[in-house]
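data24.csv (CSV, C-alpha atoms) appears below.
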chain,number,residue,atom,x,y,z
A,906,MET,CA,110.0,105.9,112.2
A,907,ASN,CA,108.2,104.6,109.1
A,908,LEU,CA,110.0,106.6,106.3
A,909,LEU,CA,109.4,105.5,102.8
A,910,PRO,CA,111.5,102.5,101.7
A,911,PRO,CA,113.9,102.6,98.8
A,912,ALA,CA,112.5,101.4,95.5
A,913,SER,CA,114.3,98.1,95.8
A,914,ASP,CA,112.8,97.2,99.2
A,915,ASP,CA,109.5,95.6,100.1
A,916,VAL,CA,109.4,93.5,97.0
A,917,ALA,CA,106.9,91.1,98.3
A,918,ALA,CA,104.4,93.9,99.1
A,919,ARG,CA,104.7,95.3,95.6
A,920,GLN,CA,104.3,91.9,94.0
A,921,ALA,CA,101.1,91.6,95.9
A,922,HIS,CA,99.8,94.9,94.6
A,923,PRO,CA,96.4,94.5,92.8
A,924,TYR,CA,97.8,95.7,89.5
A,925,ALA,CA,100.3,92.8,89.5
A,926,ALA,CA,97.5,90.6,88.2
A,927,LEU,CA,96.7,93.0,85.3
A,928,THR,CA,98.8,91.3,82.6
A,929,PRO,CA,98.6,92.0,78.9
A,930,ASP,CA,96.6,88.8,78.5
A,931,VAL,CA,94.1,89.9,81.1
A,932,VAL,CA,93.7,93.3,79.3
A,933,MET,CA,93.0,91.5,76.0
A,934,ASP,CA,90.6,89.0,77.6
A,935,ALA,CA,88.8,91.9,79.3
A,936,LEU,CA,88.2,93.5,75.9
A,937,SER,CA,87.1,90.2,74.4
A,938,SER,CA,84.5,89.9,77.2
A,939,VAL,CA,82.8,93.0,75.8
A,940,GLY,CA,83.0,92.0,72.2
A,941,LEU,CA,86.3,93.7,71.2
A,942,GLN,CA,89.2,91.7,69.8
A,943,GLY,CA,92.6,93.3,70.0
A,944,ASP,CA,95.1,92.6,67.2
A,945,GLY,CA,98.0,92.1,69.7
A,946,ARG,CA,99.2,95.7,69.7
A,947,LEU,CA,99.0,97.0,73.3
A,948,THR,CA,100.5,100.3,74.5
A,949,ALA,CA,100.5,101.5,78.2
A,950,LEU,CA,99.5,105.2,78.3
A,951,SER,CA,100.7,107.6,80.9
A,952,SER,CA,98.6,107.2,84.0
A,953,TYR,CA,99.5,106.7,87.7
A,954,GLU,CA,96.2,106.5,89.5
A,955,ASN,CA,94.7,103.9,87.1
A,956,ARG,CA,96.1,101.6,84.4
A,957,VAL,CA,95.3,102.8,80.9
A,958,TYR,CA,96.1,101.1,77.6
A,959,GLN,CA,95.8,101.9,73.9
A,960,VAL,CA,94.6,98.7,72.1
A,961,HIS,CA,94.4,98.3,68.3
A,962,LEU,CA,91.4,96.2,67.2
A,963,GLU,CA,91.2,93.5,64.6
A,964,ASP,CA,88.0,95.0,63.3
A,965,PRO,CA,87.0,98.7,63.8
A,966,HIS,CA,84.2,99.3,66.3
A,967,ASP,CA,81.9,102.1,65.2
A,968,GLY,CA,84.7,103.4,63.0
A,969,HIS,CA,87.3,103.2,65.8
A,970,GLY,CA,90.4,101.2,64.9
A,971,ALA,CA,91.9,101.6,68.3
A,972,VAL,CA,90.4,102.1,71.8
A,973,VAL,CA,91.6,103.1,75.2
A,974,ALA,CA,90.9,100.6,78.0
A,975,LYS,CA,90.9,102.1,81.5
A,976,PHE,CA,91.2,99.8,84.5
A,977,TYR,CA,90.2,101.6,87.7
A,978,ARG,CA,92.3,101.5,90.8
A,979,PRO,CA,90.6,99.0,93.2
A,980,GLU,CA,88.8,100.5,96.2
A,981,ARG,CA,89.3,104.1,95.0
A,982,TRP,CA,85.8,104.8,93.7
A,983,SER,CA,82.7,102.8,94.2
A,984,GLU,CA,80.8,101.6,91.1
A,985,ALA,CA,78.1,104.2,91.8
A,986,GLN,CA,80.7,106.9,91.8
A,987,ILE,CA,82.2,105.7,88.5
A,988,GLN,CA,78.8,105.4,86.9
A,989,GLU,CA,78.1,109.0,88.0
A,990,GLU,CA,81.3,110.1,86.2
A,991,HIS,CA,80.3,108.2,83.1
A,992,ALA,CA,76.8,109.7,83.2
A,993,PHE,CA,78.3,113.2,83.3
A,994,ALA,CA,80.5,112.4,80.3
A,995,GLY,CA,77.5,111.1,78.5
A,996,GLU,CA,75.6,114.4,79.2
A,997,LEU,CA,78.5,116.4,77.9
A,998,ALA,CA,78.8,114.3,74.7
A,999,ALA,CA,75.1,114.6,74.1
A,1000,ALA,CA,75.5,118.4,74.3
A,1001,GLU,CA,78.1,118.1,71.5
A,1002,ILE,CA,80.9,119.1,73.8
A,1003,PRO,CA,84.2,117.4,72.7
A,1004,VAL,CA,84.8,115.1,75.6
A,1005,VAL,CA,86.0,111.5,75.2
A,1006,ALA,CA,83.2,109.5,76.8
A,1007,PRO,CA,83.2,105.8,77.5
A,1008,LEU,CA,81.6,103.6,74.9
A,1009,VAL,CA,78.4,101.7,75.7
A,1010,LEU,CA,79.3,98.0,75.2
A,1011,GLU,CA,77.0,95.1,76.1
A,1012,GLY,CA,74.5,97.7,77.4
A,1013,SER,CA,76.9,99.4,79.9
A,1014,THR,CA,79.9,101.8,80.1
A,1015,LEU,CA,81.3,100.0,83.2
A,1016,HIS,CA,82.5,96.4,83.1
A,1017,ARG,CA,84.2,93.9,85.3
A,1018,PHE,CA,86.8,91.3,84.5
A,1019,GLY,CA,89.5,89.5,86.5
A,1020,GLY,CA,88.6,91.5,89.7
A,1021,PHE,CA,88.9,94.9,87.9
A,1022,ALA,CA,86.4,97.5,87.0
A,1023,PHE,CA,87.1,98.9,83.5
A,1024,SER,CA,85.8,101.1,80.8
A,1025,VAL,CA,86.6,101.5,77.1
A,1026,SER,CA,86.7,104.8,75.2
A,1027,PRO,CA,87.6,105.7,71.6
A,1028,TRP,CA,91.2,106.5,71.1
A,1029,ARG,CA,91.8,110.2,70.3
A,1030,GLY,CA,95.1,111.6,69.2
A,1031,GLY,CA,96.3,115.1,69.9
A,1032,ARG,CA,98.9,117.2,71.6
A,1033,ALA,CA,98.9,119.6,74.5
A,1034,PRO,CA,97.3,123.0,73.7
A,1035,GLU,CA,99.6,126.0,73.1
A,1036,LEU,CA,98.5,128.1,76.1
A,1037,ASP,CA,100.5,131.1,75.0
A,1038,ASP,CA,98.1,131.4,72.0
A,1039,PHE,CA,95.2,133.7,72.9
A,1040,GLU,CA,92.9,132.1,70.3
A,1041,VAL,CA,93.6,128.7,71.8
A,1042,LEU,CA,92.8,129.9,75.3
A,1043,GLU,CA,89.6,131.6,74.1
A,1044,TRP,CA,88.5,128.4,72.4
A,1045,ILE,CA,89.2,126.3,75.5
A,1046,GLY,CA,87.3,128.9,77.6
A,1047,ARG,CA,84.2,128.6,75.4
A,1048,PHE,CA,84.1,124.8,75.9
A,1049,LEU,CA,84.7,125.1,79.7
A,1050,ALA,CA,81.7,127.4,79.9
A,1051,ARG,CA,79.6,124.8,78.0
A,1052,ILE,CA,80.9,122.0,80.3
A,1053,HIS,CA,79.9,124.1,83.3
A,1054,THR,CA,76.5,124.9,81.9
A,1055,VAL,CA,75.8,121.2,81.7
A,1056,GLY,CA,77.5,120.7,85.1
A,1057,ALA,CA,75.3,123.2,86.8
A,1058,ALA,CA,72.1,121.5,85.5
A,1059,HIS,CA,72.3,118.7,88.1
A,1060,THR,CA,74.5,117.7,91.1
A,1061,PHE,CA,76.6,114.7,92.0
A,1062,THR,CA,75.1,112.6,94.7
A,1063,GLU,CA,77.8,109.9,95.0
A,1064,ARG,CA,81.0,111.8,94.1
A,1065,PRO,CA,82.7,113.9,96.8
A,1066,ALA,CA,83.1,117.7,96.8
A,1067,LEU,CA,86.3,119.7,96.7
A,1068,ASP,CA,86.8,120.9,100.2
A,1069,VAL,CA,89.5,121.8,102.8
A,1070,GLN,CA,88.9,118.7,104.9
A,1071,ALA,CA,89.5,116.2,102.1
A,1072,PHE,CA,92.3,118.0,100.3
A,1073,ALA,CA,94.3,119.5,103.2
A,1074,THR,CA,93.3,118.7,106.8
A,1075,GLU,CA,92.9,114.9,106.3
A,1076,PRO,CA,96.0,114.6,104.1
A,1077,ARG,CA,98.1,116.6,106.7
A,1078,ASP,CA,96.8,114.4,109.6
A,1079,TRP,CA,97.5,111.2,107.6
A,1080,LEU,CA,101.1,112.2,106.7
A,1081,LEU,CA,101.8,113.1,110.4
A,1082,ALA,CA,100.1,110.0,111.8
A,1083,HIS,CA,102.1,107.7,109.5
A,1084,ASP,CA,105.4,109.4,110.1
A,1085,MET,CA,105.9,110.1,106.5
A,1086,ILE,CA,107.9,113.3,107.0
A,1087,PRO,CA,111.6,113.0,108.2
A,1088,LEU,CA,112.0,114.4,111.8
A,1089,ASP,CA,114.5,117.0,110.7
A,1090,VAL,CA,111.9,118.8,108.6
A,1091,GLN,CA,108.6,117.6,110.2
A,1092,GLY,CA,108.2,120.6,112.5
A,1093,ALA,CA,108.8,123.2,109.8
A,1094,TRP,CA,106.5,121.4,107.4
A,1095,GLU,CA,103.7,121.1,110.0
A,1096,LYS,CA,104.0,124.7,111.0
A,1097,ALA,CA,103.8,125.9,107.3
A,1098,CYS,CA,101.0,123.5,106.5
A,1099,ASN,CA,98.9,124.7,109.5
A,1100,LYS,CA,99.4,128.3,108.5
A,1101,ALA,CA,98.4,127.6,104.9
A,1102,ILE,CA,95.3,125.8,106.0
A,1103,GLU,CA,94.3,128.7,108.2
A,1104,LEU,CA,94.6,131.0,105.2
A,1105,ILE,CA,92.7,128.5,103.0
A,1106,ALA,CA,89.9,128.5,105.5
A,1107,ILE,CA,89.5,132.3,105.0
A,1108,HIS,CA,88.9,131.6,101.3
A,1109,ASP,CA,87.3,128.2,101.8
A,1110,PRO,CA,86.4,127.0,98.3
A,1111,LEU,CA,82.9,126.6,99.5
A,1112,THR,CA,82.6,130.3,100.3
A,1113,LEU,CA,83.9,133.5,98.7
A,1114,GLY,CA,85.7,134.8,101.8
A,1115,THR,CA,82.7,136.6,103.2
A,1116,GLY,CA,80.7,133.6,104.4
A,1117,GLN,CA,78.5,133.8,101.2
A,1118,LYS,CA,78.2,130.5,99.5
A,1119,SER,CA,79.8,130.2,96.0
A,1120,SER,CA,78.1,128.1,93.4
A,1121,LYS,CA,79.1,124.5,93.5
A,1122,ILE,CA,78.8,122.7,90.1
A,1123,ARG,CA,79.9,119.5,88.6
A,1124,LEU,CA,83.4,120.0,87.3
A,1125,HIS,CA,86.0,118.2,85.2
A,1126,GLY,CA,88.0,118.6,88.4
A,1127,ASP,CA,91.5,118.0,87.0
A,1128,CYS,CA,91.7,120.3,84.0
A,1129,HIS,CA,95.4,120.6,83.4
A,1130,PRO,CA,97.0,120.8,79.9
A,1131,GLY,CA,97.7,117.1,79.8
A,1132,ASN,CA,93.9,116.4,80.0
A,1133,ILE,CA,93.2,118.5,76.9
A,1134,LEU,CA,94.1,117.0,73.5
A,1135,TRP,CA,94.4,119.6,70.8
A,1136,THR,CA,94.1,118.8,67.1
A,1137,PRO,CA,94.7,121.3,64.2
A,1138,THR,CA,91.7,123.5,63.6
A,1139,ASP,CA,91.9,123.0,59.9
A,1140,ARG,CA,90.8,119.4,60.3
A,1141,PRO,CA,87.3,118.2,60.8
A,1142,GLY,CA,86.5,118.2,64.5
A,1143,GLY,CA,89.7,120.1,65.3
A,1144,GLY,CA,90.3,122.0,68.5
A,1145,PRO,CA,90.3,120.8,72.1
A,1146,HIS,CA,89.1,117.4,73.3
A,1147,PHE,CA,88.7,117.0,77.1
A,1148,VAL,CA,89.8,113.6,78.5
A,1149,ASP,CA,89.9,111.9,81.9
A,1150,LEU,CA,87.0,112.9,84.1
A,1151,ASP,CA,88.3,110.6,86.8
A,1152,ASP,CA,88.5,113.5,89.3
A,1153,ALA,CA,85.1,115.0,88.5
A,1154,ARG,CA,83.5,116.4,91.6
A,1155,MET,CA,81.4,119.4,92.9
A,1156,GLY,CA,83.3,122.6,93.3
A,1157,PRO,CA,83.7,126.2,92.2
A,1158,ALA,CA,84.0,126.9,88.4
A,1159,VAL,CA,87.5,128.4,88.8
A,1160,GLN,CA,88.9,125.0,89.7
A,1161,ASP,CA,88.7,124.1,86.0
A,1162,LEU,CA,90.5,127.3,84.9
A,1163,TRP,CA,93.5,127.8,87.3
A,1164,MET,CA,95.5,124.8,86.3
A,1165,LEU,CA,95.8,126.2,82.8
A,1166,LEU,CA,97.7,129.2,84.1
A,1167,SER,CA,101.5,129.3,84.4
A,1168,GLY,CA,104.4,131.7,84.5
A,1169,ASP,CA,104.7,135.0,86.3
A,1170,ARG,CA,101.7,137.1,87.4
A,1171,ARG,CA,101.6,139.1,84.1
A,1172,GLN,CA,101.6,135.8,82.1
A,1173,ARG,CA,98.9,134.3,84.2
A,1174,THR,CA,96.8,137.4,83.9
A,1175,VAL,CA,97.0,137.3,80.1
A,1176,GLN,CA,96.2,133.6,80.0
A,1177,LEU,CA,93.2,134.1,82.4
A,1178,SER,CA,92.0,137.0,80.2
A,1179,GLY,CA,92.0,134.7,77.2
A,1180,LEU,CA,90.1,131.9,79.0
A,1181,LEU,CA,87.5,134.3,80.4
A,1182,ASP,CA,87.0,136.0,77.0
A,1183,GLY,CA,85.9,132.7,75.6
A,1184,TYR,CA,84.1,131.5,78.8
A,1185,GLU,CA,81.9,134.6,79.1
A,1186,GLN,CA,80.7,134.3,75.6
A,1187,PHE,CA,78.6,131.3,76.9
A,1188,ARG,CA,78.3,131.6,80.6
A,1189,THR,CA,78.7,134.3,83.4
A,1190,PHE,CA,81.8,133.9,85.5
A,1191,ASP,CA,81.7,135.1,89.1
A,1192,ARG,CA,84.9,137.2,89.3
A,1193,ARG,CA,84.9,136.9,93.1
A,1194,GLU,CA,86.1,133.3,92.5
A,1195,LEU,CA,89.5,134.6,91.3
A,1196,ALA,CA,90.3,134.9,95.1
A,1197,LEU,CA,90.2,131.1,95.3
A,1198,ILE,CA,93.0,130.4,92.8
A,1199,GLU,CA,95.9,130.4,95.2
A,1200,PRO,CA,94.0,128.6,98.0
A,1201,LEU,CA,93.0,125.9,95.4
A,1202,ARG,CA,96.6,125.7,94.3
A,1203,THR,CA,97.7,125.2,97.9
A,1204,LEU,CA,95.1,122.5,98.4
A,1205,ARG,CA,96.4,120.6,95.5
A,1206,LEU,CA,100.0,120.9,96.8
A,1207,ILE,CA,99.1,119.4,100.2
A,1208,HIS,CA,97.0,116.7,98.7
A,1209,TYR,CA,99.6,115.7,96.2
A,1210,SER,CA,102.2,114.9,98.8
A,1211,ALA,CA,99.8,112.6,100.7
A,1212,TRP,CA,98.7,111.0,97.4
A,1213,LEU,CA,102.3,110.1,96.6
A,1214,ALA,CA,102.9,108.6,100.0
A,1215,ARG,CA,99.7,106.6,99.9
A,1216,ARG,CA,100.5,105.1,96.5
A,1217,TRP,CA,104.1,104.2,97.3
A,1218,SER,CA,103.4,100.5,97.4
A,1219,ASP,CA,102.4,100.7,93.8
A,1220,PRO,CA,105.6,99.8,91.9
A,1221,ILE,CA,105.0,102.5,89.3
A,1222,PHE,CA,105.4,105.3,91.9
A,1223,PRO,CA,109.0,104.7,93.1
A,1224,VAL,CA,110.1,104.3,89.5
A,1225,ASN,CA,108.5,107.6,88.4
A,1226,PHE,CA,109.0,109.6,91.6
A,1227,PRO,CA,112.4,108.5,92.9
A,1228,TRP,CA,112.9,111.9,94.6
A,1229,PHE,CA,109.9,111.7,96.8
A,1230,GLY,CA,110.1,111.2,100.6
A,1231,SER,CA,113.6,112.6,101.1
A,1232,SER,CA,114.4,115.4,103.5
A,1233,ASP,CA,115.3,117.6,100.5
A,1234,TYR,CA,111.8,116.9,99.0
A,1235,TRP,CA,110.1,118.0,102.2
A,1236,ARG,CA,112.3,121.1,102.6
A,1237,GLY,CA,111.2,122.0,99.1
A,1238,GLN,CA,107.6,121.6,100.2
A,1239,VAL,CA,108.2,123.9,103.1
A,1240,ASP,CA,109.6,126.5,100.8
A,1241,THR,CA,106.7,126.1,98.4
A,1242,LEU,CA,104.1,126.3,101.2
A,1243,GLN,CA,105.7,129.5,102.4
A,1244,GLU,CA,105.5,130.9,98.8
A,1245,GLN,CA,101.8,130.0,98.8
A,1246,ILE,CA,101.2,131.6,102.1
A,1247,GLU,CA,102.5,134.8,100.6
A,1248,ALA,CA,100.5,134.3,97.4
A,1249,MET,CA,97.3,133.8,99.3
A,1250,GLN,CA,97.8,137.2,101.0
A,1251,GLU,CA,98.2,139.0,97.8
A,1252,ALA,CA,95.5,140.6,95.7
A,1253,PRO,CA,93.9,138.1,93.3
A,1254,LEU,CA,94.5,138.2,89.6
A,1255,ASP,CA,92.6,141.0,87.9
A,1256,CYS,CA,92.0,140.6,84.2
A,1257,GLY,CA,89.6,143.5,83.9
Represent the supplied structure as structure tokens.
Amino acid sequence: MNLLPPASDDVAARQAHPYAALTPDVVMDALSSVGLQGDGRLTALSSYENRVYQVHLEDPHDGHGAVVAKFYRPERWSEAQIQEEHAFAGELAAAEIPVVAPLVLEGSTLHRFGGFAFSVSPWRGGRAPELDDFEVLEWIGRFLARIHTVGAAHTFTERPALDVQAFATEPRDWLLAHDMIPLDVQGAWEKACNKAIELIAIHDPLTLGTGQKSSKIRLHGDCHPGNILWTPTDRPGGGPHFVDLDDARMGPAVQDLWMLLSGDRRQRTVQLSGLLDGYEQFRTFDRRELALIEPLRTLRLIHYSAWLARRWSDPIFPVNFPWFGSSDYWRGQVDTLQEQIEAMQEAPLDCG
């Protein structure tokens, strides 16, 4: 049975991981290859899927004294898919929506160095938004509506859509085929997962539960509080700034709202009301999509476990997720799936 190894095992495989070659010198040389000279100050930023660094420059570039260099995980996205993400970010920036878009350097936003694809963006400070503040929620809602207005103008042709197959069925089958779930909990997890997928299929994110197609638009895709940088509104350009479009894809508009909701049902209803008050100042929101919130949350839950398992050979994962893979972890997942099964059978949030 191929259970996940302890963090200390399989050293050779981890040393062979592609990011092992991404040394500080390689990062600095990559920036130099596009005309940017770092002053030696290099800080790794929080990112698991890719490697992201804040680099201070010897000479400011277009007024930016520091930039963020993002090195894409090899073989995750094709160059065409990354270029499509960059083009979307450029459209949003051109519409004066506060996204942090890649800089055009040497005539391109996507570059290659040392076997890595990378991009460079301006560094932007900020903190997580205060999502218990109605005004903050309303402000974020207005900008999400503007993002979706741009997103609805065209479609992605290279990037995948959010669907049950990619986010639940395939991850479930992969976990089972690779014996990633301990035998003492595997049966219970598989049973709960199958039941959850059956319920998700009723509210397939590509329909509205009645067989009628919902609108699929280009989305941020991963709009959780950590991907919104908030700066004080009494400063020029203050408010939310949206970062990290790495998971941009086609899907229902509500995908970019539900991850900003937390707490009990009453708290989530109040938060959703704030977001929609701002959103509907700029764009109509189809309230039927509220029925997709719990199915979408369940999709993310299933996909997340498979994502951790697939990335386990990356040394950063055992260090940051030492609890993953144990029987206790998977029993917790069974409990959470059971909670989601119940939640998907409840009436959707209703904010009036």
Could you check the closest approach to Val1090 in chain A for each of A:Ser1232, A:Gln1243, A:Ser1210, A:Ser1013 and tell me which residue wins, using all atoms listed in the file?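 Using all atoms listed in the file, the shortest distance to Val1090 in chain A belongs to A:Ser1232.
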So that I can see what lies close to Trp1163 in chain A, please list as JSON, numbers by chain the residues with an atom at most 12 Å from it, counting only C-alpha atoms and leaving out residues fewer than 5 positions away in the same chain. {"A": [1046, 1049, 1126, 1127, 1128, 1129, 1130, 1157, 1158, 1168, 1173, 1174, 1176, 1177, 1178, 1180, 1181, 1194, 1195, 1196, 1197, 1198, 1199, 1200, 1201, 1202, 1203, 1205, 1253, 1254]}
Report, in Å to a single decimal, how far apart CA of Asp1068 in chain A and CA of Leu1104 in chain A are. 13.7 Å
To one decimal place in Å, what is the distance between CA of Pro1034 in chain A and CA of Gly1156 in chain A?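 Calculated distance between CA of Pro1034 in chain A and CA of Gly1156 in chain A is 24.1 Å.
Checking A:Asp930, A:Glu1075, A:Glu954, A:Glu1244 one by one against Asp1219 in chain A, counting all atoms listed in the file, you find the shortest gap at A:Glu954.
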Taking all atoms listed in the file into account, name the residue in A:Gln1245, A:Gln988, A:Thr928, A:Thr1189 that is nearest to Ala1153 in chain A.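 Closest to Ala1153 in chain A, using all atoms listed in the file: A:Gln988.
Between CA of His1016 in chain A and CA of Ala985 in chain A the separation is 12.5 Å.
For the set A:Leu1206, A:Gln1172, A:Ile1107, A:Arg1188, the residue with the smallest atom-to-atom gap to Phe1039 in chain A is A:Gln1172, counting all atoms listed in the file.
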For each of A:Arg1029, A:His1146, A:Arg981, A:Arg1123, take the minimum atom-to-atom distance to Glu1001 in chain A, counting only C-alpha atoms, then give the residue where this is smallest. A:His1146
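Distance check against Ala1058 in chain A using all atoms listed in the file: of A:Ser1120, A:Gln1160, A:Thr1138, A:Ser1167, the minimum falls on A:Ser1120.
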Spatial sel., origin (84.1, 115.6, 93.0), limit 12 Å, only C-alpha atoms, listed as a ChimeraX atom specification: /A:982,986-987,989-990,993,1056,1060-1068,1071-1072,1121-1127,1150-1157,1160-1161
Keeping only C-alpha atoms, write the selected residues as a PDB file, in the frame of the given file.
ATOM      1  CA  TRP A 982      85.800 104.800  93.700  1.00  0.00           C
ATOM      2  CA  GLN A 986      80.700 106.900  91.800  1.00  0.00           C
ATOM      3  CA  ILE A 987      82.200 105.700  88.500  1.00  0.00           C
ATOM      4  CA  GLU A 989      78.100 109.000  88.000  1.00  0.00           C
ATOM      5  CA  GLU A 990      81.300 110.100  86.200  1.00  0.00           C
ATOM      6  CA  PHE A 993      78.300 113.200  83.300  1.00  0.00           C
ATOM      7  CA  GLY A1056      77.500 120.700  85.100  1.00  0.00           C
ATOM      8  CA  THR A1060      74.500 117.700  91.100  1.00  0.00           C
ATOM      9  CA  PHE A1061      76.600 114.700  92.000  1.00  0.00           C
ATOM     10  CA  THR A1062      75.100 112.600  94.700  1.00  0.00           C
ATOM     11  CA  GLU A1063      77.800 109.900  95.000  1.00  0.00           C
ATOM     12  CA  ARG A1064      81.000 111.800  94.100  1.00  0.00           C
ATOM     13  CA  PRO A1065      82.700 113.900  96.800  1.00  0.00           C
ATOM     14  CA  ALA A1066      83.100 117.700  96.800  1.00  0.00           C
ATOM     15  CA  LEU A1067      86.300 119.700  96.700  1.00  0.00           C
ATOM     16  CA  ASP A1068      86.800 120.900 100.200  1.00  0.00           C
ATOM     17  CA  ALA A1071      89.500 116.200 102.100  1.00  0.00           C
ATOM     18  CA  PHE A1072      92.300 118.000 100.300  1.00  0.00           C
ATOM     19  CA  LYS A1121      79.100 124.500  93.500  1.00  0.00           C
ATOM     20  CA  ILE A1122      78.800 122.700  90.100  1.00  0.00           C
ATOM     21  CA  ARG A1123      79.900 119.500  88.600  1.00  0.00           C
ATOM     22  CA  LEU A1124      83.400 120.000  87.300  1.00  0.00           C
ATOM     23  CA  HIS A1125      86.000 118.200  85.200  1.00  0.00           C
ATOM     24  CA  GLY A1126      88.000 118.600  88.400  1.00  0.00           C
ATOM     25  CA  ASP A1127      91.500 118.000  87.000  1.00  0.00           C
ATOM     26  CA  LEU A1150      87.000 112.900  84.100  1.00  0.00           C
ATOM     27  CA  ASP A1151      88.300 110.600  86.800  1.00  0.00           C
ATOM     28  CA  ASP A1152      88.500 113.500  89.300  1.00  0.00           C
ATOM     29  CA  ALA A1153      85.100 115.000  88.500  1.00  0.00           C
ATOM     30  CA  ARG A1154      83.500 116.400  91.600  1.00  0.00           C
ATOM     31  CA  MET A1155      81.400 119.400  92.900  1.00  0.00           C
ATOM     32  CA  GLY A1156      83.300 122.600  93.300  1.00  0.00           C
ATOM     33  CA  PRO A1157      83.700 126.200  92.200  1.00  0.00           C
ATOM     34  CA  GLN A1160      88.900 125.000  89.700  1.00  0.00           C
ATOM     35  CA  ASP A1161      88.700 124.100  86.000  1.00  0.00           C
TER      36      ASP A1161
END
